[in-house]
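Below is one structure, written out as structure tokens; comments come after it.
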Amino acid sequence: LGLVSPAEFIPLAEETGLIAPLGEWVLYQACKDAAGWQRSGAEPVTVAVNLSNRQAKLGLQQLARHAARALDDSGLSPDLLKFEITESFVIEETEAMLAWLRTIRETGIRLSVDDFGTGYSSLSYLRRLPVDIVKIDRSFVSEVGTNADDAALVRAIISMAHNLRLDVVAEGVESLQQLEFLQSADCDMVQGYHFHKPMTGEAFARVVLNR
């Protein structure tokens, strides 16, 4: 089959009901790999696992049990696991959902709002959710070095998030120009092809063990 992007197989997994077992496998594998790298001598590495809204509909308590078991079986510290959620994950923002997010956060797992700015995210949205991190969508990052409006918007998001005591990650960093702008804007973390492209667990292990 070759390389298949998440944009292609995730919707199919959701339609067929396979998203729950797939998500469970990803969670266990991420915790297992991160704990293994650390045991091999690497510095602690935080791993991020995306959660879909379909997983939430299948059961929040089941998700919590899977997370606890994955951490317990692997021996990974909870603060090295991060759940990335989108607006669609918490679109109804029910009390049960907010309580679940607070419970997950109290275990030490960090929560990140992914693709911020692409939907209906707002200051009030961030203020209500018990999250730790905001990820600025790549669509805003791609032209920060050449587009004054995008640059101003990214600076505003970073400032707003910091005022709410949230860390900020910029997605889709592919050039030195973008990186230097984000550094000047006090962005906390960045990710993108400027550093590494997607790789296997074995290849990533070599990276973290040799840095």
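Naming scheme: A, B, ... for chains in displayed order of the structure tokens; residues 1 onward per chain; ligands 1 onward as shown.
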Exercise. Which neighbours of A:Gly41 fall inside 12 Å, counting only C-alpha atoms, when residues of the same chain fewer than 6 positions from it are skipped, and could you give them as an MDAnalysis selection string?
Worked result: chainID A and resid 34:35 205:206 208:211
Next, dump the selected residues to file, keeping only C-alpha atoms, as a short mmCIF file (atom, residue, chain, number, x, y, z; two decimals), in the first residue's frame.
data_model
loop_
_atom_site.label_atom_id
_atom_site.label_comp_id
_atom_site.auth_asym_id
_atom_site.auth_seq_id
_atom_site.Cartn_x
_atom_site.Cartn_y
_atom_site.Cartn_z
CA ALA A 34 8.54 6.18 25.07
CA ALA A 35 9.24 4.09 28.16
CA ALA A 205 14.86 5.87 18.79
CA ARG A 206 18.19 6.48 17.06
CA VAL A 208 16.67 10.49 20.74
CA LEU A 209 19.49 8.18 21.79
CA ASN A 210 22.08 10.18 19.85
CA ARG A 211 21.05 13.71 20.73
#
For this session: Pick out the residues sitting within 10 Å of stretch 138-147 of chain A, and hand them over as a ChimeraX atom specification; count only C-alpha atoms, and ignore anything fewer than 6 positions along from it in its own chain.
Result: /A:115-118,153-155,170-182,191-192
Give me, as a CSV table (one decimal) with C-alpha atoms, in the first residue's frame, all polymer residues having an atom no more than 12 Å from A:Gln62, counting only C-alpha atoms and skipping those fewer than 5 positions away in the same chain.
chain,number,residue,atom,x,y,z
A,20,ALA,CA,-11.6,2.5,19.1
A,21,PRO,CA,-9.2,-0.5,18.7
A,23,GLY,CA,-6.8,4.3,19.1
A,24,GLU,CA,-6.2,1.8,21.9
A,55,GLN,CA,-13.6,7.8,20.5
A,56,ALA,CA,-15.3,10.1,22.9
A,57,LYS,CA,-18.7,9.0,21.8
A,67,ALA,CA,-4.8,5.4,29.4
A,68,ALA,CA,-4.3,4.2,33.0
A,69,ARG,CA,-3.5,0.6,31.8
A,100,TRP,CA,-13.5,13.8,32.2
Exercise. Which polymer residues have any atom within 12 Å of an atom of A:Val169, counting only C-alpha atoms, with same-chain residues fewer than 5 positions away left out, as a VMD selection string?
Worked result: chain A and resid 84 112 to 116 132 to 138 141 154 157 to 158 161 to 162 179 182 to 183 185 to 192
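Distance annotation: of A:Leu129, A:Ala152, A:Lys82, A:Val26, the residue with the minimal separation from A:Glu95 is A:Leu129; atom set is only C-alpha atoms.
Atom CA of A:Arg102 to atom CA of A:Glu14 spans 25.4 Å [interatomic distance, one decimal].
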For this session: Check the smallest atom-to-atom distance from each of A:Ile19, A:Ala148, A:Val168, A:Cys31 to A:Ser74 using only C-alpha atoms, then report the winner.
Result: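 Once distances to A:Ser74 are computed over only C-alpha atoms, the minimum belongs to A:Cys31.
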Exercise. Which one of A:Gln29, A:Ser5, A:Thr94, A:Ser88 sits closest to A:Leu76 if you count only C-alpha atoms?
Worked result: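 Distance minimum relative to A:Leu76 lands on A:Gln29.
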Kindly assemble as a Markdown table a list of the stretch 6-107 of chain A residues that lie within 12 Å of stretch 193-200 of chain A, each paired with its nearest atom pair and their distance in Å to one decimal, using only C-alpha atoms, sorted first by chain and then by ascending residue number.
| residue | atom | partner | partner_atom | distance |
| --- | --- | --- | --- | --- |
| A:Pro6 | CA | A:Pro198 | CA | 11.8 |
| A:Ala30 | CA | A:Thr200 | CA | 11.8 |
| A:Asp33 | CA | A:Thr200 | CA | 11.0 |
